[in-house]
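K.L.:
Sending over target06.pdb (PDB, C-alpha atoms).
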ATOM      1  CA  MET V   3     -35.900  43.274 -35.295
ATOM      2  CA  LYS V   4     -36.398  39.893 -33.652
ATOM      3  CA  MET V   5     -34.226  37.241 -35.312
ATOM      4  CA  ASN V   6     -34.928  33.532 -35.062
ATOM      5  CA  ARG V   7     -32.775  30.566 -36.048
ATOM      6  CA  ARG V   8     -34.097  30.584 -39.654
ATOM      7  CA  THR V   9     -33.374  34.306 -40.079
ATOM      8  CA  LEU V  10     -29.860  33.812 -38.756
ATOM      9  CA  LEU V  11     -29.271  30.856 -41.059
ATOM     10  CA  GLY V  12     -30.404  32.928 -44.051
ATOM     11  CA  ALA V  13     -28.030  35.683 -43.061
ATOM     12  CA  ALA V  14     -25.209  33.189 -42.702
ATOM     13  CA  ILE V  15     -25.856  31.726 -46.150
ATOM     14  CA  SER V  16     -26.070  35.160 -47.759
ATOM     15  CA  LEU V  17     -22.660  35.939 -46.256
ATOM     16  CA  GLY V  18     -21.232  32.681 -47.533
ATOM     17  CA  LEU V  19     -21.079  31.150 -44.048
ATOM     18  CA  GLY V  20     -22.339  27.714 -43.000
ATOM     19  CA  TRP V  21     -24.644  27.221 -40.012
ATOM     20  CA  GLY V  22     -21.772  25.557 -38.140
ATOM     21  CA  ALA V  23     -19.722  28.740 -38.328
ATOM     22  CA  MET V  24     -22.685  30.848 -37.251
ATOM     23  CA  SER V  25     -23.594  28.593 -34.303
ATOM     24  CA  SER V  26     -19.942  28.482 -33.292
ATOM     25  CA  ALA V  27     -19.891  32.264 -33.195
ATOM     26  CA  LEU V  28     -23.055  32.302 -31.090
ATOM     27  CA  ALA V  29     -21.592  29.696 -28.741
ATOM     28  CA  GLU V  30     -18.651  31.990 -28.029
ATOM     29  CA  LYS V  31     -20.935  34.449 -26.243
ATOM     30  CA  PRO V  32     -19.403  34.887 -22.762
ATOM     31  CA  LEU V  33     -21.011  32.910 -19.967
ATOM     32  CA  THR V  34     -22.709  35.159 -17.401
ATOM     33  CA  MET V  35     -22.519  34.030 -13.792
ATOM     34  CA  GLY V  36     -24.323  35.528 -10.833
ATOM     35  CA  PHE V  37     -22.322  34.922  -7.640
ATOM     36  CA  SER V  38     -23.501  35.682  -4.098
ATOM     37  CA  GLN V  39     -20.693  35.750  -1.541
ATOM     38  CA  VAL V  40     -21.214  35.349   2.220
ATOM     39  CA  GLY V  41     -19.337  38.552   3.022
ATOM     40  CA  ALA V  42     -15.800  39.554   4.006
ATOM     41  CA  GLU V  43     -15.648  38.198   7.550
ATOM     42  CA  SER V  44     -12.161  36.695   7.416
ATOM     43  CA  GLU V  45      -8.833  36.434   5.592
ATOM     44  CA  TRP V  46     -10.155  33.191   4.096
ATOM     45  CA  ARG V  47     -13.260  34.823   2.648
ATOM     46  CA  THR V  48     -11.273  37.703   1.189
ATOM     47  CA  ALA V  49      -8.940  35.229  -0.555
ATOM     48  CA  ASN V  50     -11.966  33.273  -1.803
ATOM     49  CA  THR V  51     -13.481  36.405  -3.342
ATOM     50  CA  VAL V  52     -10.198  37.353  -5.030
ATOM     51  CA  SER V  53      -9.873  33.808  -6.428
ATOM     52  CA  ILE V  54     -13.384  33.901  -7.908
ATOM     53  CA  LYS V  55     -13.014  37.367  -9.447
ATOM     54  CA  ASP V  56      -9.571  36.625 -10.903
ATOM     55  CA  ALA V  57     -10.655  33.248 -12.289
ATOM     56  CA  ALA V  58     -13.754  34.779 -13.922
ATOM     57  CA  LYS V  59     -11.610  37.401 -15.639
ATOM     58  CA  LYS V  60      -9.121  34.816 -16.902
ATOM     59  CA  ALA V  61     -11.903  32.485 -18.091
ATOM     60  CA  GLY V  62     -13.770  35.235 -19.918
ATOM     61  CA  VAL V  63     -16.801  34.855 -17.657
ATOM     62  CA  ASN V  64     -19.075  37.862 -17.162
ATOM     63  CA  LEU V  65     -19.330  37.893 -13.345
ATOM     64  CA  LYS V  66     -22.157  39.622 -11.501
ATOM     65  CA  PHE V  67     -20.919  39.684  -7.891
ATOM     66  CA  ALA V  68     -23.003  40.386  -4.778
ATOM     67  CA  ASP V  69     -21.727  40.639  -1.173
ATOM     68  CA  ALA V  70     -24.379  39.411   1.293
ATOM     69  CA  GLN V  71     -22.658  40.905   4.355
ATOM     70  CA  GLN V  72     -23.369  37.641   6.224
ATOM     71  CA  LYS V  73     -27.160  37.994   5.866
ATOM     72  CA  GLN V  74     -29.266  35.270   4.269
ATOM     73  CA  GLU V  75     -31.959  37.738   3.200
ATOM     74  CA  ASN V  76     -29.345  39.597   1.132
ATOM     75  CA  GLN V  77     -28.382  36.372  -0.619
ATOM     76  CA  VAL V  78     -32.002  35.543  -1.423
ATOM     77  CA  LYS V  79     -32.461  39.030  -2.921
ATOM     78  CA  ALA V  80     -29.271  38.615  -4.964
ATOM     79  CA  ILE V  81     -30.337  35.222  -6.321
ATOM     80  CA  ARG V  82     -33.742  36.618  -7.309
ATOM     81  CA  SER V  83     -31.973  39.506  -9.033
ATOM     82  CA  PHE V  84     -29.786  37.038 -10.967
ATOM     83  CA  ILE V  85     -32.915  35.130 -12.024
ATOM     84  CA  ALA V  86     -34.531  38.372 -13.236
ATOM     85  CA  GLN V  87     -31.355  39.191 -15.198
ATOM     86  CA  LYS V  88     -31.480  35.723 -16.810
ATOM     87  CA  VAL V  89     -27.878  34.837 -16.038
ATOM     88  CA  ASP V  90     -26.524  31.542 -17.408
ATOM     89  CA  VAL V  91     -25.436  30.113 -14.046
ATOM     90  CA  ILE V  92     -25.966  31.047 -10.405
ATOM     91  CA  ALA V  93     -23.293  30.211  -7.827
ATOM     92  CA  PHE V  94     -23.249  31.069  -4.160
ATOM     93  CA  SER V  95     -21.683  30.291  -0.809
ATOM     94  CA  PRO V  96     -24.674  30.074   1.559
ATOM     95  CA  VAL V  97     -24.584  31.934   4.870
ATOM     96  CA  VAL V  98     -26.527  29.115   6.560
ATOM     97  CA  GLU V  99     -27.684  25.632   5.519
ATOM     98  CA  SER V 100     -31.474  25.935   5.678
ATOM     99  CA  GLY V 101     -34.131  28.170   4.154
ATOM    100  CA  TRP V 102     -33.177  27.888   0.475
ATOM    101  CA  ASP V 103     -35.920  25.683  -1.002
ATOM    102  CA  THR V 104     -38.185  28.468  -2.290
ATOM    103  CA  VAL V 105     -35.594  30.632  -4.039
ATOM    104  CA  LEU V 106     -33.801  27.604  -5.527
ATOM    105  CA  MET V 107     -37.132  26.334  -6.891
ATOM    106  CA  GLU V 108     -37.487  29.736  -8.572
ATOM    107  CA  ALA V 109     -34.053  29.301 -10.175
ATOM    108  CA  LYS V 110     -34.984  25.798 -11.334
ATOM    109  CA  ALA V 111     -38.263  27.058 -12.813
ATOM    110  CA  ALA V 112     -36.240  29.653 -14.737
ATOM    111  CA  ASN V 113     -33.990  26.828 -16.001
ATOM    112  CA  ILE V 114     -30.887  28.409 -14.439
ATOM    113  CA  PRO V 115     -28.424  25.852 -12.989
ATOM    114  CA  VAL V 116     -27.123  26.467  -9.463
ATOM    115  CA  ILE V 117     -23.650  25.661  -8.118
ATOM    116  CA  LEU V 118     -22.877  25.663  -4.393
ATOM    117  CA  THR V 119     -19.370  26.706  -3.383
ATOM    118  CA  ASP V 120     -17.591  26.283  -0.042
ATOM    119  CA  ARG V 121     -20.798  25.594   1.942
ATOM    120  CA  ALA V 122     -23.673  23.179   1.394
ATOM    121  CA  VAL V 123     -27.442  23.641   1.797
ATOM    122  CA  ASN V 124     -30.072  21.455   3.407
ATOM    123  CA  VAL V 125     -32.913  21.099   0.877
ATOM    124  CA  ALA V 126     -35.520  18.361   0.421
ATOM    125  CA  ASP V 127     -34.956  18.228  -3.349
ATOM    126  CA  LYS V 128     -31.276  17.717  -4.213
ATOM    127  CA  SER V 129     -31.994  18.501  -7.877
ATOM    128  CA  LEU V 130     -32.332  22.181  -6.908
ATOM    129  CA  TYR V 131     -28.564  22.474  -7.327
ATOM    130  CA  VAL V 132     -26.265  20.801  -9.826
ATOM    131  CA  THR V 133     -23.120  20.370  -7.744
ATOM    132  CA  PHE V 134     -21.309  21.432  -4.590
ATOM    133  CA  ILE V 135     -17.633  22.425  -4.807
ATOM    134  CA  GLY V 136     -15.777  22.683  -1.525
ATOM    135  CA  SER V 137     -14.092  21.139   1.464
ATOM    136  CA  ASP V 138     -15.206  18.236   3.609
ATOM    137  CA  PHE V 139     -15.905  20.167   6.816
ATOM    138  CA  VAL V 140     -16.601  17.054   8.876
ATOM    139  CA  GLU V 141     -13.206  15.656   7.902
ATOM    140  CA  GLU V 142     -11.576  18.981   8.839
ATOM    141  CA  GLY V 143     -13.065  18.621  12.323
ATOM    142  CA  ARG V 144     -11.844  15.030  12.477
ATOM    143  CA  ARG V 145      -8.330  16.113  11.502
ATOM    144  CA  ALA V 146      -8.287  18.686  14.292
ATOM    145  CA  GLY V 147      -9.490  15.997  16.699
ATOM    146  CA  ARG V 148      -6.871  13.476  15.561
ATOM    147  CA  TRP V 149      -4.090  15.997  16.116
ATOM    148  CA  LEU V 150      -5.338  16.568  19.661
ATOM    149  CA  LEU V 151      -5.641  12.828  20.339
ATOM    150  CA  GLU V 152      -1.960  12.402  19.487
ATOM    151  CA  ARG V 153      -0.898  15.470  21.469
ATOM    152  CA  ALA V 154      -2.919  14.281  24.486
ATOM    153  CA  LYS V 155      -0.636  11.247  24.743
ATOM    154  CA  THR V 156       2.205  13.596  25.745
ATOM    155  CA  MET V 157       0.162  15.633  28.246
ATOM    156  CA  PRO V 158      -0.145  15.036  32.033
ATOM    157  CA  ALA V 159      -2.724  12.481  33.157
ATOM    158  CA  GLY V 160      -6.196  13.721  33.983
ATOM    159  CA  ASP V 161      -8.870  15.792  32.306
ATOM    160  CA  ILE V 162      -7.945  17.968  29.351
ATOM    161  CA  ASN V 163     -10.427  20.839  29.247
ATOM    162  CA  ILE V 164     -11.331  22.241  25.830
ATOM    163  CA  VAL V 165     -13.147  25.457  24.907
ATOM    164  CA  GLU V 166     -14.631  25.698  21.425
ATOM    165  CA  LEU V 167     -15.170  28.766  19.263
ATOM    166  CA  GLN V 168     -17.872  27.795  16.785
ATOM    167  CA  GLY V 169     -18.490  29.444  13.428
ATOM    168  CA  THR V 170     -21.707  31.199  12.399
ATOM    169  CA  VAL V 171     -24.742  29.474  13.918
ATOM    170  CA  GLY V 172     -26.492  27.273  11.358
ATOM    171  CA  SER V 173     -23.660  27.393   8.824
ATOM    172  CA  ALA V 174     -22.388  24.165   7.281
ATOM    173  CA  PRO V 175     -18.764  24.567   8.437
ATOM    174  CA  ALA V 176     -19.801  25.304  12.021
ATOM    175  CA  ILE V 177     -22.134  22.301  12.185
ATOM    176  CA  ASP V 178     -19.737  19.904  10.472
ATOM    177  CA  ARG V 179     -16.474  20.992  12.113
ATOM    178  CA  LYS V 180     -18.091  20.601  15.521
ATOM    179  CA  ALA V 181     -19.454  17.151  14.624
ATOM    180  CA  GLY V 182     -16.177  15.838  13.167
ATOM    181  CA  PHE V 183     -14.133  17.011  16.149
ATOM    182  CA  ALA V 184     -16.590  15.551  18.681
ATOM    183  CA  GLU V 185     -16.688  12.230  16.797
ATOM    184  CA  VAL V 186     -12.927  11.774  17.135
ATOM    185  CA  ILE V 187     -12.217  13.065  20.643
ATOM    186  CA  LYS V 188     -14.928  10.910  22.253
ATOM    187  CA  SER V 189     -12.481   7.987  22.057
ATOM    188  CA  ASN V 190     -10.518   9.664  24.876
ATOM    189  CA  PRO V 191     -12.760  10.276  27.922
ATOM    190  CA  ASN V 192     -10.207  12.735  29.347
ATOM    191  CA  LEU V 193     -10.890  15.183  26.512
ATOM    192  CA  LYS V 194     -13.797  17.345  27.672
ATOM    193  CA  VAL V 195     -15.390  20.346  25.917
ATOM    194  CA  ILE V 196     -16.321  22.582  28.851
ATOM    195  CA  ARG V 197     -17.463  25.658  26.890
ATOM    196  CA  SER V 198     -18.712  26.049  23.319
ATOM    197  CA  GLN V 199     -20.018  29.266  21.784
ATOM    198  CA  THR V 200     -20.156  30.974  18.410
ATOM    199  CA  GLY V 201     -17.498  33.520  17.499
ATOM    200  CA  ASP V 202     -19.228  34.114  14.127
ATOM    201  CA  PHE V 203     -15.993  33.403  12.214
ATOM    202  CA  THR V 204     -14.636  36.898  13.013
ATOM    203  CA  ARG V 205     -11.478  37.956  14.825
ATOM    204  CA  ALA V 206     -13.256  40.522  17.013
ATOM    205  CA  LYS V 207     -15.955  38.090  18.136
ATOM    206  CA  GLY V 208     -13.382  35.352  18.708
ATOM    207  CA  LYS V 209     -11.519  37.668  21.091
ATOM    208  CA  GLU V 210     -14.718  38.690  22.869
ATOM    209  CA  VAL V 211     -15.936  35.127  23.445
ATOM    210  CA  MET V 212     -12.488  33.909  24.529
ATOM    211  CA  GLU V 213     -12.385  36.712  27.105
ATOM    212  CA  ALA V 214     -15.678  35.370  28.491
ATOM    213  CA  PHE V 215     -14.317  31.807  28.518
ATOM    214  CA  LEU V 216     -11.235  32.934  30.429
ATOM    215  CA  LYS V 217     -13.306  34.904  32.912
ATOM    216  CA  ALA V 218     -15.486  31.843  33.581
ATOM    217  CA  GLU V 219     -12.884  29.062  33.491
ATOM    218  CA  GLY V 220      -9.475  30.746  33.821
ATOM    219  CA  LYS V 221      -6.528  28.374  34.155
ATOM    220  CA  LYS V 222      -8.811  25.327  33.893
ATOM    221  CA  ILE V 223      -8.640  25.753  30.088
ATOM    222  CA  ASN V 224      -6.046  23.497  28.445
ATOM    223  CA  VAL V 225      -7.064  23.653  24.775
ATOM    224  CA  LEU V 226      -8.814  26.073  22.430
ATOM    225  CA  TYR V 227     -10.453  24.617  19.315
ATOM    226  CA  ALA V 228     -11.488  27.386  16.891
ATOM    227  CA  HIS V 229     -13.533  26.714  13.774
ATOM    228  CA  ASN V 230     -11.410  29.192  11.825
ATOM    229  CA  ASP V 231      -8.058  30.968  12.028
ATOM    230  CA  ASP V 232      -9.490  34.466  12.427
ATOM    231  CA  MET V 233     -11.345  33.528  15.614
ATOM    232  CA  ALA V 234      -8.214  31.778  16.861
ATOM    233  CA  ILE V 235      -6.086  34.878  16.231
ATOM    234  CA  GLY V 236      -8.589  37.036  18.123
ATOM    235  CA  ALA V 237      -8.620  34.496  20.964
ATOM    236  CA  ILE V 238      -4.819  34.471  21.105
ATOM    237  CA  GLN V 239      -4.911  38.190  21.849
ATOM    238  CA  ALA V 240      -7.391  37.568  24.687
ATOM    239  CA  ILE V 241      -5.194  34.794  26.111
ATOM    240  CA  GLU V 242      -2.146  37.073  26.109
ATOM    241  CA  GLU V 243      -4.081  39.914  27.718
ATOM    242  CA  ALA V 244      -5.084  37.465  30.463
ATOM    243  CA  GLY V 245      -1.384  36.898  31.222
ATOM    244  CA  LEU V 246      -1.228  33.402  29.714
ATOM    245  CA  LYS V 247       0.881  32.034  26.870
ATOM    246  CA  PRO V 248      -1.089  30.842  23.838
ATOM    247  CA  GLY V 249       0.431  27.710  22.318
ATOM    248  CA  LYS V 250       1.898  26.722  25.710
ATOM    249  CA  ASP V 251      -0.467  27.379  28.628
ATOM    250  CA  ILE V 252      -3.400  26.860  26.253
ATOM    251  CA  LEU V 253      -2.942  24.779  23.111
ATOM    252  CA  VAL V 254      -4.557  26.431  20.090
ATOM    253  CA  ILE V 255      -6.069  24.417  17.233
ATOM    254  CA  SER V 256      -7.745  26.116  14.276
ATOM    255  CA  ILE V 257      -8.959  25.581  10.729
ATOM    256  CA  ASP V 258      -8.341  27.357   7.370
ATOM    257  CA  GLY V 259      -4.580  27.655   6.900
ATOM    258  CA  VAL V 260      -4.376  31.386   6.148
ATOM    259  CA  LYS V 261      -1.082  33.259   6.287
ATOM    260  CA  GLY V 262      -2.028  34.813   9.619
ATOM    261  CA  ALA V 263      -2.216  31.342  11.158
ATOM    262  CA  PHE V 264       1.233  30.445   9.846
ATOM    263  CA  GLU V 265       2.614  33.674  11.296
ATOM    264  CA  ALA V 266       1.037  32.808  14.657
ATOM    265  CA  MET V 267       2.557  29.306  14.502
ATOM    266  CA  MET V 268       5.997  30.697  13.710
ATOM    267  CA  ALA V 269       5.611  32.989  16.742
ATOM    268  CA  GLY V 270       4.807  29.942  18.893
ATOM    269  CA  LYS V 271       1.241  31.090  19.622
ATOM    270  CA  LEU V 272      -0.769  28.575  17.569
ATOM    271  CA  ASN V 273      -0.118  24.835  17.508
ATOM    272  CA  VAL V 274      -1.807  23.560  14.354
ATOM    273  CA  THR V 275      -4.055  24.690  11.513
ATOM    274  CA  VAL V 276      -6.144  22.356   9.353
ATOM    275  CA  GLU V 277      -6.210  23.509   5.745
ATOM    276  CA  CYS V 278      -9.410  24.647   4.028
ATOM    277  CA  SER V 279      -8.491  26.121   0.657
ATOM    278  CA  PRO V 280     -10.366  29.225  -0.521
ATOM    279  CA  LEU V 281      -8.865  29.062  -4.021
ATOM    280  CA  LEU V 282     -12.019  27.678  -5.630
ATOM    281  CA  GLY V 283     -12.276  30.189  -8.488
ATOM    282  CA  PRO V 284     -10.635  28.265 -11.352
ATOM    283  CA  GLN V 285     -12.533  25.084 -10.482
ATOM    284  CA  LEU V 286     -15.828  26.996 -10.279
ATOM    285  CA  MET V 287     -15.387  28.601 -13.702
ATOM    286  CA  SER V 288     -14.433  25.274 -15.286
ATOM    287  CA  VAL V 289     -17.454  23.477 -13.805
ATOM    288  CA  ALA V 290     -19.801  26.325 -14.810
ATOM    289  CA  LYS V 291     -18.644  26.069 -18.418
ATOM    290  CA  ASP V 292     -19.077  22.279 -18.379
ATOM    291  CA  ILE V 293     -22.628  22.614 -17.078
ATOM    292  CA  LYS V 294     -23.480  25.244 -19.699
ATOM    293  CA  ALA V 295     -22.081  22.931 -22.383
ATOM    294  CA  GLY V 296     -24.403  20.167 -21.202
ATOM    295  CA  LYS V 297     -21.683  17.973 -19.700
ATOM    296  CA  GLU V 298     -22.267  15.759 -16.663
ATOM    297  CA  VAL V 299     -20.483  16.898 -13.487
ATOM    298  CA  PRO V 300     -20.178  15.114 -10.110
ATOM    299  CA  LYS V 301     -22.751  16.055  -7.467
ATOM    300  CA  ARG V 302     -19.930  16.583  -4.948
ATOM    301  CA  ILE V 303     -16.482  17.933  -5.820
ATOM    302  CA  THR V 304     -14.089  17.864  -2.834
ATOM    303  CA  THR V 305     -10.943  19.976  -2.633
ATOM    304  CA  GLN V 306      -7.667  18.343  -1.547
ATOM    305  CA  GLU V 307      -6.183  19.745   1.661
ATOM    306  CA  GLY V 308      -3.681  19.012   4.427
ATOM    307  CA  VAL V 309      -2.828  19.573   8.098
ATOM    308  CA  PHE V 310      -0.032  21.949   9.147
ATOM    309  CA  PRO V 311       1.405  21.705  12.674
ATOM    310  CA  ALA V 312       3.622  24.486  14.010
ATOM    311  CA  GLU V 313       6.754  22.419  13.341
ATOM    312  CA  VAL V 314       6.377  22.875   9.561
ATOM    313  CA  ALA V 315       5.089  26.470   9.553
ATOM    314  CA  ALA V 316       8.354  28.209   8.663
ATOM    315  CA  LYS V 317       9.033  25.810   5.797
ATOM    316  CA  GLU V 318       5.499  26.016   4.383
ATOM    317  CA  PHE V 319       4.885  29.736   4.844
ATOM    318  CA  PRO V 320       6.559  30.857   1.562
ATOM    319  CA  ASN V 321       4.215  28.506  -0.343
ATOM    320  CA  ARG V 322       0.999  30.017   1.025
ATOM    321  CA  LYS V 323      -1.125  31.854  -1.548
ATOM    322  CA  TYR V 324      -3.655  33.253   0.915
TER     323      TYR V 324
END
Turn this file's structure into structure tokens for me.

P.N.:
Amino acid sequence: MKMNRRTLLGAAISLGLGWGAMSSALAEKPLTMGFSQVGAESEWRTANTVSIKDAAKKAGVNLKFADAQQKQENQVKAIRSFIAQKVDVIAFSPVVESGWDTVLMEAKAANIPVILTDRAVNVADKSLYVTFIGSDFVEEGRRAGRWLLERAKTMPAGDINIVELQGTVGSAPAIDRKAGFAEVIKSNPNLKVIRSQTGDFTRAKGKEVMEAFLKAEGKKINVLYAHNDDMAIGAIQAIEEAGLKPGKDILVISIDGVKGAFEAMMAGKLNVTVECSPLLGPQLMSVAKDIKAGKEVPKRITTQEGVFPAEVAAKEFPNRKY
């Protein structure tokens, strides 16, 4: 039997309940969130997934989770499935920045709010999503660049040749981390990026591309800048296999701040990691509930993060949660 507000109110009165009590009971219905994750390409992503699942459980959120396996078409299918299931909120970490307008317009037409996590999208209509929760990737690139600027002051005069392992082509962190780094290092004309190629944020691809860099440039390489720790760790293996010492013969700079990076720093193989926290779950659940309750939320919510050079790795390692 279909029950409308009047039928429910009559039932409440017949049971001796006021409408306030009945509406309060209805309001306690668990929030259902559809979440599309990029994949499981790195330690960072795995920690991000665990954070989201754990936070949903603790917050009493009914989570419908989909792994896109790093394919945009899988995310689009997942979002359309969430729309068909009439979830309360859709959240996702986009594989790439562009190509979202159509499916997000479908979500808007269904009156389902959308939250971006970790990565942003490039859409003409910013009202297609409510808020973006995540790091400032441009600033992460700048922080990596600033560290190198300072370190360059202690290095021999002359050109300092840099090779760059970029993240997934078209993804927000790859675009922004490259831009932020380039913006800062241009103040020192001796800092030159001589090779730049995607390592797709994976350890295996990072190793493969670094092998190619070493084959092409060899001992000309002074610095490796990797857009994430997993690529850096793969590249470190390639450097060692080439008979060079990572962290000494080739300085290694990376981004994320996962435990594996701290272990590499303590072993003297990585020089600095710029933090990018994956622990977005609690914040995501809180914001989702606020949106469902009709509260205003900021369009951009930035996570607070730091920079960890090798000198502090041993002290900081016990505090790492991912």

K.L.:
Write out as a PyMOL selection string the residues lying within 8 Å of Glu43 of chain V, counting all atoms listed in the file and excluding same-chain residues fewer than 5 positions away.

P.N.:
chain V and resi 48+72+203-204

K.L.:
What would the selection look like, as a count of residues only, if the PyMOL selection byres ((chain V and resi 316) around 12) were run on the coordinates I just shared?

P.N.:
21

K.L.:
Can you tell me how far atom CA of Leu106 of chain V sits from atom CA of Leu130 of chain V, in Å to one decimal?

P.N.:
5.8 Å

K.L.:
Would you kindly return, as a list in words, each protein, DNA or RNA residue with an atom no farther than 9 Å from any atom of segment 247-253 of chain V, considering all atoms listed in the file and excluding same-chain residues fewer than 3 positions away?

P.N.:
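What passes the distance filter is Lys221, Ile223, Asn224, Val225, Leu226, Tyr227, Ala237, Ile238, Gln239, Ile241, Glu242, Ala244, Met267, Gly270, Lys271, Leu272, Asn273 and Val274 of chain V.
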
K.L.:
For each of V:Ser38, V:Thr170, V:Asn190, V:Thr51, take the minimum atom-to-atom distance to Ala68 of chain V, counting all atoms listed in the file, then give the residue where this is smallest.

P.N.:
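Among the listed residues, V:Ser38 lies closest to Ala68 of chain V.
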
K.L.:
Could you tell me, as a list in words, which residues have any atom at most 9 Å from (-19.4, 42.0, -5.6), counting only C-alpha atoms?

P.N.:
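I get Phe37, Ser38, Gln39, Thr51, Lys55, Leu65, Lys66, Phe67, Ala68, Asp69 and Ala70 of chain V for the residues within 9 Å of that point.
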
K.L.:
Quick one: distance from atom CA of Thr133 of chain V to atom CA of Pro115 of chain V in Å, one decimal?

P.N.:
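For atom CA of Thr133 of chain V relative to atom CA of Pro115 of chain V, the distance reads 9.3 Å.
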
K.L.:
Fewer than 2 positions away in the same chain doesn't count, so skip those; otherwise give me all residues within 10 Å of Ala57 of chain V, counting all atoms listed in the file, as a count of residues only.

P.N.:
19

K.L.:
Go through the shown structure with the PyMOL selection byres ((chain V and resi 122) around 10) and write out the matching residues as a short mmCIF file (atom, residue, chain, number, x, y, z; two decimals) with C-alpha atoms, in the frame of the given file.

P.N.:
data_model
loop_
_atom_site.label_atom_id
_atom_site.label_comp_id
_atom_site.auth_asym_id
_atom_site.auth_seq_id
_atom_site.Cartn_x
_atom_site.Cartn_y
_atom_site.Cartn_z
CA PHE V 94 -23.25 31.07 -4.16
CA SER V 95 -21.68 30.29 -0.81
CA PRO V 96 -24.67 30.07 1.56
CA VAL V 97 -24.58 31.93 4.87
CA VAL V 98 -26.53 29.12 6.56
CA GLU V 99 -27.68 25.63 5.52
CA SER V 100 -31.47 25.94 5.68
CA ILE V 117 -23.65 25.66 -8.12
CA LEU V 118 -22.88 25.66 -4.39
CA THR V 119 -19.37 26.71 -3.38
CA ASP V 120 -17.59 26.28 -0.04
CA ARG V 121 -20.80 25.59 1.94
CA VAL V 123 -27.44 23.64 1.80
CA ASN V 124 -30.07 21.46 3.41
CA VAL V 125 -32.91 21.10 0.88
CA THR V 133 -23.12 20.37 -7.74
CA PHE V 134 -21.31 21.43 -4.59
CA ILE V 135 -17.63 22.42 -4.81
CA GLY V 136 -15.78 22.68 -1.52
CA SER V 137 -14.09 21.14 1.46
CA PHE V 139 -15.90 20.17 6.82
CA SER V 173 -23.66 27.39 8.82
CA ALA V 174 -22.39 24.16 7.28
CA PRO V 175 -18.76 24.57 8.44
CA ARG V 302 -19.93 16.58 -4.95
#

K.L.:
Between atom CA of Cys278 of chain V and atom CA of Glu142 of chain V, what is the distance in Å, rounded to a tenth?

P.N.:
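These atoms are spaced 7.7 Å apart.
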
K.L.:
On this structure, the PyMOL selection byres ((chain V and resi 85-89) around 8) would catch which residues? List them as a list in words, sorted by chain and number.

P.N.:
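Applying the expression gives Thr34, Met35, Gly36, Ile81, Arg82, Ser83, Phe84, Asp90, Val91, Ile92, Glu108, Ala109, Ala112 and Ile114 of chain V.
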
K.L.:
Around the point (-16.5, 35.7, 27.9), in the coordinates given by the file, pick out the residues reaching within 12 Å, counting only C-alpha atoms, and return them as a list in words.

P.N.:
Val165, Leu167, Arg197, Ser198, Gln199, Thr200, Gly201, Lys207, Gly208, Lys209, Glu210, Val211, Met212, Glu213, Ala214, Phe215, Leu216, Lys217, Ala218, Glu219, Gly220, Ala237, Ala240, Ile241 and Ala244 of chain V

K.L.:
My list of candidates is V:Trp149, V:Tyr131, V:Val78, V:Leu33. Which is closest to Ala295 of chain V when distances are computed with all atoms listed in the file?

P.N.:
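With all atoms listed in the file as the atom set, the closest residue is V:Leu33.
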
K.L.:
So, counting all atoms listed in the file, which residue among V:Asp202, V:Asp161, V:Asp258, V:Glu75 is closest to Ala146 of chain V?

P.N.:
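That would be V:Asp258, the residue with the smallest distance to Ala146 of chain V.
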
K.L.:
With distances taken over all atoms listed in the file, which residue among V:Asn64, V:Ser256, V:Asn163, V:Asn76 lies nearest Lys291 of chain V?

P.N.:
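Smallest distance to Lys291 of chain V is found for V:Asn64.
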
K.L.:
As AutoDock Vina command-line options, please report the centre and edge lengths, rounded to one decimal in Å, of the axis-aligned box that holds all listed atoms of segment 286-293 of chain V with 5 Å of padding on each of the six sides.

P.N.:
--center_x -18.5 --center_y 25.4 --center_z -14.3 --size_x 18.2 --size_y 16.3 --size_z 18.1

K.L.:
Between V:Val254, V:Arg47, V:Lys297, V:Glu141, single out the one closest to Ile164 of chain V, counting all atoms listed in the file.

P.N.:
V:Val254

K.L.:
Name the closest residue to Val140 of chain V among the candidates V:Lys128, V:Lys323, V:Lys31, V:Arg179; distances are taken between atoms, counting only C-alpha atoms.

P.N.:
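Distance minimum relative to Val140 of chain V lands on V:Arg179.
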